[in-house]
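> Below you'll find work.pdb; it's PDB, C-alpha atoms, pLDDT in the B column.
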```pdb
ATOM      1  CA  MET A   1      -2.953 -15.846   9.236  1.00 90.00           C
ATOM      2  CA  GLU A   2      -5.869 -13.485   8.683  1.00 92.00           C
ATOM      3  CA  ASP A   3      -3.758 -10.325   9.137  1.00 94.00           C
ATOM      4  CA  PHE A   4      -1.551 -11.343   6.193  1.00 96.00           C
ATOM      5  CA  LEU A   5      -4.403 -11.940   3.745  1.00 96.00           C
ATOM      6  CA  GLY A   6      -4.653  -9.391   0.949  1.00 96.00           C
ATOM      7  CA  THR A   7      -2.314  -7.555  -1.396  1.00 97.00           C
ATOM      8  CA  TRP A   8       0.874  -5.799  -0.309  1.00 97.00           C
ATOM      9  CA  LYS A   9       3.057  -3.418  -2.331  1.00 96.00           C
ATOM     10  CA  LEU A  10       6.769  -2.971  -1.642  1.00 95.00           C
ATOM     11  CA  VAL A  11       7.577   0.615  -0.604  1.00 95.00           C
ATOM     12  CA  LYS A  12      11.080   0.358   0.890  1.00 95.00           C
ATOM     13  CA  SER A  13      14.086  -1.993   0.982  1.00 94.00           C
ATOM     14  CA  VAL A  14      17.005  -1.760   3.393  1.00 96.00           C
ATOM     15  CA  ASN A  15      20.242  -3.742   2.792  1.00 95.00           C
ATOM     16  CA  TYR A  16      18.475  -6.130   0.383  1.00 91.00           C
ATOM     17  CA  ASP A  17      21.357  -6.217  -2.131  1.00 90.00           C
ATOM     18  CA  ASN A  18      23.725  -7.475   0.583  1.00 93.00           C
ATOM     19  CA  TYR A  19      21.189 -10.116   1.620  1.00 93.00           C
ATOM     20  CA  LEU A  20      21.014 -11.358  -1.997  1.00 88.00           C
ATOM     21  CA  LYS A  21      24.823 -11.535  -2.109  1.00 89.00           C
ATOM     22  CA  ALA A  22      24.826 -13.620   1.093  1.00 91.00           C
ATOM     23  CA  LEU A  23      22.470 -16.040  -0.693  1.00 86.00           C
ATOM     24  CA  GLY A  24      24.739 -16.110  -3.734  1.00 82.00           C
ATOM     25  CA  ILE A  25      22.233 -14.325  -5.975  1.00 78.00           C
ATOM     26  CA  VAL A  26      23.915 -11.863  -8.305  1.00 71.00           C
ATOM     27  CA  LYS A  27      20.900 -10.421 -10.112  1.00 66.00           C
ATOM     28  CA  ASP A  28      19.623  -7.163  -8.651  1.00 58.00           C
ATOM     29  CA  LEU A  29      15.947  -7.676  -7.873  1.00 55.00           C
ATOM     30  CA  ASN A  30      15.899  -4.564  -5.706  1.00 54.00           C
ATOM     31  CA  GLU A  31      14.706  -2.359  -8.580  1.00 59.00           C
ATOM     32  CA  ASP A  32      11.667  -4.500  -9.354  1.00 68.00           C
ATOM     33  CA  VAL A  33       8.162  -3.322  -8.572  1.00 71.00           C
ATOM     34  CA  ILE A  34       6.868  -5.965  -6.207  1.00 87.00           C
ATOM     35  CA  THR A  35       3.352  -6.874  -5.170  1.00 93.00           C
ATOM     36  CA  GLU A  36       2.691  -9.831  -2.903  1.00 94.00           C
ATOM     37  CA  THR A  37      -0.736 -11.309  -2.258  1.00 96.00           C
ATOM     38  CA  PHE A  38      -1.704 -13.806   0.424  1.00 96.00           C
ATOM     39  CA  SER A  39      -4.891 -15.856   0.219  1.00 96.00           C
ATOM     40  CA  GLU A  40      -6.191 -19.167   1.524  1.00 96.00           C
ATOM     41  CA  GLU A  41      -7.582 -22.061  -0.496  1.00 95.00           C
ATOM     42  CA  GLU A  42      -8.897 -24.936   1.590  1.00 91.00           C
ATOM     43  CA  ASP A  43      -5.991 -26.005   3.848  1.00 90.00           C
ATOM     44  CA  GLN A  44      -3.288 -24.206   1.849  1.00 94.00           C
ATOM     45  CA  VAL A  45      -1.861 -20.712   1.911  1.00 94.00           C
ATOM     46  CA  VAL A  46      -1.274 -19.150  -1.511  1.00 94.00           C
ATOM     47  CA  TRP A  47       1.496 -16.530  -1.685  1.00 92.00           C
ATOM     48  CA  LYS A  48       1.521 -14.834  -5.092  1.00 93.00           C
ATOM     49  CA  ILE A  49       4.578 -12.743  -5.940  1.00 89.00           C
ATOM     50  CA  GLU A  50       4.538 -10.331  -8.874  1.00 90.00           C
ATOM     51  CA  THR A  51       7.586  -8.331  -9.958  1.00 86.00           C
ATOM     52  CA  THR A  52       8.371  -6.343 -13.065  1.00 83.00           C
ATOM     53  CA  ASN A  53       9.797  -9.456 -14.751  1.00 80.00           C
ATOM     54  CA  TYR A  54       8.352 -12.391 -12.819  1.00 79.00           C
ATOM     55  CA  THR A  55       5.071 -13.759 -11.556  1.00 85.00           C
ATOM     56  CA  GLY A  56       4.906 -16.850  -9.405  1.00 84.00           C
ATOM     57  CA  GLU A  57       3.137 -18.333  -6.474  1.00 85.00           C
ATOM     58  CA  LEU A  58       3.890 -20.562  -3.542  1.00 85.00           C
ATOM     59  CA  ARG A  59       1.271 -22.999  -2.294  1.00 89.00           C
ATOM     60  CA  PHE A  60       1.995 -24.455   1.084  1.00 91.00           C
ATOM     61  CA  THR A  61       0.541 -25.854   4.266  1.00 93.00           C
ATOM     62  CA  LEU A  62       1.787 -24.299   7.496  1.00 94.00           C
ATOM     63  CA  ASP A  63       4.444 -26.358   9.299  1.00 94.00           C
ATOM     64  CA  LYS A  64       4.812 -28.756   6.343  1.00 93.00           C
ATOM     65  CA  GLU A  65       8.067 -28.821   4.347  1.00 88.00           C
ATOM     66  CA  PHE A  66       7.925 -27.932   0.629  1.00 84.00           C
ATOM     67  CA  GLN A  67      10.265 -27.023  -2.259  1.00 78.00           C
ATOM     68  CA  LEU A  68      10.777 -23.722  -4.113  1.00 68.00           C
ATOM     69  CA  ASP A  69      12.605 -22.683  -7.291  1.00 59.00           C
ATOM     70  CA  THR A  70      14.340 -19.324  -6.923  1.00 55.00           C
ATOM     71  CA  LEU A  71      12.761 -16.138  -8.285  1.00 52.00           C
ATOM     72  CA  ASP A  72      15.618 -15.530 -10.710  1.00 51.00           C
ATOM     73  CA  ASN A  73      14.857 -18.858 -12.449  1.00 51.00           C
ATOM     74  CA  CYS A  74      18.392 -20.125 -11.916  1.00 49.00           C
ATOM     75  CA  MET A  75      19.018 -23.813 -11.354  1.00 41.00           C
ATOM     76  CA  SER A  76      19.386 -23.592  -7.594  1.00 50.00           C
ATOM     77  CA  VAL A  77      16.534 -24.901  -5.493  1.00 54.00           C
ATOM     78  CA  PHE A  78      15.916 -24.594  -1.780  1.00 60.00           C
ATOM     79  CA  PRO A  79      15.080 -28.247  -1.004  1.00 68.00           C
ATOM     80  CA  GLN A  80      13.847 -27.627   2.530  1.00 82.00           C
ATOM     81  CA  ILE A  81      11.380 -24.828   3.208  1.00 89.00           C
ATOM     82  CA  THR A  82       9.025 -24.597   6.135  1.00 92.00           C
ATOM     83  CA  MET A  83       6.481 -21.851   6.821  1.00 94.00           C
ATOM     84  CA  SER A  84       5.037 -21.525  10.304  1.00 95.00           C
ATOM     85  CA  LEU A  85       2.834 -19.081  12.135  1.00 95.00           C
ATOM     86  CA  ASN A  86       4.306 -18.015  15.487  1.00 93.00           C
ATOM     87  CA  GLU A  87       1.871 -15.679  17.247  1.00 88.00           C
ATOM     88  CA  ASN A  88       1.693 -12.675  14.870  1.00 91.00           C
ATOM     89  CA  GLN A  89       4.682 -13.659  12.702  1.00 96.00           C
ATOM     90  CA  LEU A  90       4.828 -15.781   9.567  1.00 97.00           C
ATOM     91  CA  VAL A  91       8.262 -17.428   9.659  1.00 97.00           C
ATOM     92  CA  GLN A  92       9.920 -18.996   6.621  1.00 94.00           C
ATOM     93  CA  VAL A  93      13.063 -21.113   7.045  1.00 94.00           C
ATOM     94  CA  GLN A  94      14.942 -22.150   3.885  1.00 90.00           C
ATOM     95  CA  LYS A  95      17.849 -24.586   3.855  1.00 87.00           C
ATOM     96  CA  MET A  96      20.076 -25.435   0.885  1.00 81.00           C
ATOM     97  CA  ASP A  97      23.448 -27.137   1.113  1.00 79.00           C
ATOM     98  CA  LYS A  98      25.360 -24.909   3.546  1.00 83.00           C
ATOM     99  CA  ILE A  99      23.043 -21.900   3.221  1.00 87.00           C
ATOM    100  CA  GLU A 100      20.193 -21.192   5.610  1.00 91.00           C
ATOM    101  CA  THR A 101      17.967 -18.142   5.517  1.00 93.00           C
ATOM    102  CA  THR A 102      15.133 -17.036   7.753  1.00 96.00           C
ATOM    103  CA  ILE A 103      12.416 -14.672   6.572  1.00 96.00           C
ATOM    104  CA  ILE A 104      10.045 -13.219   9.162  1.00 98.00           C
ATOM    105  CA  LEU A 105       6.865 -11.433   8.103  1.00 98.00           C
ATOM    106  CA  GLU A 106       4.952  -9.322  10.590  1.00 98.00           C
ATOM    107  CA  VAL A 107       1.932  -7.063  10.094  1.00 97.00           C
ATOM    108  CA  GLN A 108       2.082  -3.711  11.877  1.00 96.00           C
ATOM    109  CA  GLY A 109      -1.027  -1.661  11.150  1.00 94.00           C
ATOM    110  CA  THR A 110      -1.236  -1.154   7.383  1.00 95.00           C
ATOM    111  CA  ASN A 111       2.369  -2.273   6.866  1.00 97.00           C
ATOM    112  CA  MET A 112       3.920  -5.694   6.516  1.00 98.00           C
ATOM    113  CA  ILE A 113       7.551  -5.836   7.613  1.00 98.00           C
ATOM    114  CA  MET A 114       9.718  -8.560   6.085  1.00 97.00           C
ATOM    115  CA  THR A 115      12.988  -9.237   7.928  1.00 98.00           C
ATOM    116  CA  LEU A 116      15.441 -11.408   5.991  1.00 97.00           C
ATOM    117  CA  LYS A 117      18.504 -13.008   7.613  1.00 98.00           C
ATOM    118  CA  CYS A 118      21.339 -14.999   6.042  1.00 95.00           C
ATOM    119  CA  ASP A 119      24.930 -15.559   7.141  1.00 93.00           C
ATOM    120  CA  GLY A 120      24.955 -12.609   9.546  1.00 96.00           C
ATOM    121  CA  VAL A 121      23.357 -10.225   7.027  1.00 97.00           C
ATOM    122  CA  GLU A 122      19.971  -8.706   7.854  1.00 98.00           C
ATOM    123  CA  ALA A 123      17.698  -6.864   5.436  1.00 98.00           C
ATOM    124  CA  LYS A 124      14.239  -5.375   5.725  1.00 98.00           C
ATOM    125  CA  ARG A 125      11.500  -4.882   3.175  1.00 96.00           C
ATOM    126  CA  ILE A 126       8.490  -2.768   4.030  1.00 97.00           C
ATOM    127  CA  TYR A 127       5.165  -3.254   2.276  1.00 97.00           C
ATOM    128  CA  GLU A 128       1.941  -1.245   2.396  1.00 97.00           C
ATOM    129  CA  LYS A 129      -1.453  -2.897   2.281  1.00 96.00           C
ATOM    130  CA  ALA A 130      -3.049  -2.217  -1.081  1.00 92.00           C
ATOM    131  CA  VAL A 131      -6.604  -0.958  -1.068  1.00 77.00           C
ATOM    132  CA  VAL A 132      -8.623  -3.007  -3.507  1.00 61.00           C
ATOM    133  CA  ALA A 133     -12.198  -2.060  -4.282  1.00 56.00           C
ATOM    134  CA  ASN A 134     -14.599  -4.913  -3.687  1.00 54.00           C
ATOM    135  CA  LEU A 135     -16.814  -4.566  -6.725  1.00 46.00           C
ATOM    136  CA  SER A 136     -18.690  -7.766  -6.023  1.00 47.00           C
ATOM    137  CA  LYS A 137     -20.536  -6.093  -3.122  1.00 45.00           C
ATOM    138  CA  ALA A 138     -21.229  -2.837  -4.931  1.00 42.00           C
ATOM    139  CA  THR A 139     -24.503  -2.306  -6.688  1.00 37.00           C
ATOM    140  CA  THR A 140     -25.007   0.367  -9.257  1.00 37.00           C
ATOM    141  CA  GLN A 141     -28.402   1.635 -10.303  1.00 38.00           C
ATOM    142  CA  VAL A 142     -28.649   3.861 -13.336  1.00 34.00           C
ATOM    143  CA  PRO A 143     -32.288   4.691 -14.097  1.00 34.00           C
ATOM    144  CA  VAL A 144     -32.632   6.241 -17.520  1.00 34.00           C
ATOM    145  CA  SER A 145     -35.436   8.718 -17.965  1.00 32.00           C
ATOM    146  CA  LEU A 146     -37.144   8.927 -21.323  1.00 34.00           C
ATOM    147  CA  ASN A 147     -37.685  12.667 -20.996  1.00 35.00           C
ATOM    148  CA  LYS A 148     -35.162  15.263 -22.178  1.00 36.00           C
ATOM    149  CA  SER A 149     -33.983  16.168 -18.650  1.00 34.00           C
ATOM    150  CA  ARG A 150     -31.735  13.063 -18.639  1.00 34.00           C
ATOM    151  CA  ASN A 151     -32.311  12.500 -14.930  1.00 33.00           C
ATOM    152  CA  THR A 152     -29.667   9.912 -14.020  1.00 29.00           C
ATOM    153  CA  LYS A 153     -29.008   8.619 -10.506  1.00 31.00           C
ATOM    154  CA  PHE A 154     -26.034   6.619  -9.323  1.00 27.00           C
ATOM    155  CA  HIS A 155     -26.241   4.544  -6.191  1.00 30.00           C
ATOM    156  CA  CYS A 156     -23.498   2.430  -4.655  1.00 31.00           C
ATOM    157  CA  ASP A 157     -23.882   0.239  -1.563  1.00 34.00           C
ATOM    158  CA  LYS A 158     -20.632  -0.826   0.062  1.00 30.00           C
TER     159      LYS A 158
END
```
Please express the file's structure as structure tokens.

Amino acid sequence: MEDFLGTWKLVKSVNYDNYLKALGIVKDLNEDVITETFSEEEDQVVWKIETTNYTGELRFTLDKEFQLDTLDNCMSVFPQITMSLNENQLVQVQKMDKIETTIILEVQGTNMIMTLKCDGVEAKRIYEKAVVANLSKATTQVPVSLNKSRNTKFHCDK
């Protein structure tokens, strides 16, 4: 799970509109700016999804079924969702009525590849790992001299 932790920004989508149609979702979410962040809190994984018009998060335990409302806030709900870690892949299986979709996430270097499959339609979304400065570890020293030379030093430990 460690490889997935952090923030990822969507950089490319392939065939995503057709995948949404296979799910029965009409709204075009393909234009949204998307950032996804994975973290761990105790025994749960937290998957935060931020788009231009939506912010939400999933909290789940690996291999334990849970429920999710759809991103477009419509009334449909996927009643059966399971997330599992298979070697280097995070696999999500969603089942609703007669629809089943599988979403496979895999980290390849600084990219996370999301492969989405539903009813014979396959889409890919490619994310880049966001570089976030860790300010909590940085120290800044700014000595101020009382003389007119204004001798100022900056020091940052990473």
> Under the PyMOL selection byres ((chain A and resi 114) around 8), which residues of this model are included? Write them out as a list in words.
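Evaluating the PyMOL selection byres ((chain A and resi 114) around 8) on this file yields Ile103, Ile104, Leu105, Glu106, Met112, Ile113, Thr115, Leu116, Lys124, Arg125, Ile126 and Tyr127 of chain A.
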> Taking the file as I've supplied it (selection: the PyMOL selection byres ((chain A and resi 41) around 12)), which residues are included? Please answer as a PyMOL selection string.
chain A and resi 5+38-40+42-47+58-61
> Go ahead and compute the interatomic distance for CA of Lys12 in chain A and CA of Glu57 in chain A, in Å to one decimal.
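Interatomic distance, CA of Lys12 in chain A to CA of Glu57 in chain A: 21.6 Å.
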> State, in Å with one decimal place, the distance from CA of Leu85 in chain A to CA of Ile49 in chain A.
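That distance, rounded to one decimal, is 19.2 Å.
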> Quick one: residues within 7 Å of Thr7 in chain A, all atoms listed in the file counted, chain neighbours fewer than 4 positions away excluded, as a PDB file with C-alpha atoms, in the coordinates of the input?

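Wrote it out as around.pdb, contents follow:
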```pdb
ATOM      1  CA  THR A  35       3.352  -6.874  -5.170  1.00 93.00           C
ATOM      2  CA  GLU A  36       2.691  -9.831  -2.903  1.00 94.00           C
ATOM      3  CA  THR A  37      -0.736 -11.309  -2.258  1.00 96.00           C
ATOM      4  CA  PHE A  38      -1.704 -13.806   0.424  1.00 96.00           C
ATOM      5  CA  LYS A 129      -1.453  -2.897   2.281  1.00 96.00           C
ATOM      6  CA  ALA A 130      -3.049  -2.217  -1.081  1.00 92.00           C
TER       7      ALA A 130
END
```
> Please measure the separation of CA of Gly56 in chain A and CA of Leu20 in chain A, giving the value in Å to one decimal.
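Atom-to-atom, CA of Gly56 in chain A and CA of Leu20 in chain A are spaced 18.6 Å apart.
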> Using only C-alpha atoms, determine which residues lie at most 7 Å from Gln94 in chain A, disregarding the query and same-chain residues fewer than 3 positions distant; provide the list as an MDAnalysis selection string.
chainID A and resid 78 80:82 100:102
> Which is closer to Ala22 in chain A than all the others in A:Met83, A:Phe4, A:Leu10, A:Val121, using all atoms listed in the file?
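Answer, going by the shortest atom-to-atom distance: A:Val121.
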> Contacts of Glu87 in chain A at 12 Å or less, counting only C-alpha atoms, minus same-chain residues fewer than 3 places along, as a list of chain:residue names?
A:Met1, A:Glu2, A:Asp3, A:Ser84, A:Leu90, A:Val91, A:Ile104, A:Leu105, A:Glu106, A:Val107
> Which residue, A:Val11, A:Asp17, A:Asn86, A:Gln108, has the smallest gap to Glu122 in chain A when you use all atoms listed in the file?
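Looking at the shortest contact to Glu122 in chain A, the residue is A:Asp17.
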> List the residues matched by the PyMOL selection byres ((chain A and resi 99) around 8) in the displayed structure as a list in words, ordered by chain and then by residue number.
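Selection result, ordered by chain and number: Leu23, Lys95, Met96, Asp97, Lys98, Glu100, Thr101, Cys118 and Asp119 of chain A.
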> Measuring atom to atom with all atoms listed in the file, identify which of A:Lys9, A:Lys21, A:Lys64, A:Lys48 is nearest to Thr110 in chain A.
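Ranking A:Lys9, A:Lys21, A:Lys64, A:Lys48 by distance to Thr110 in chain A, first place goes to A:Lys9.
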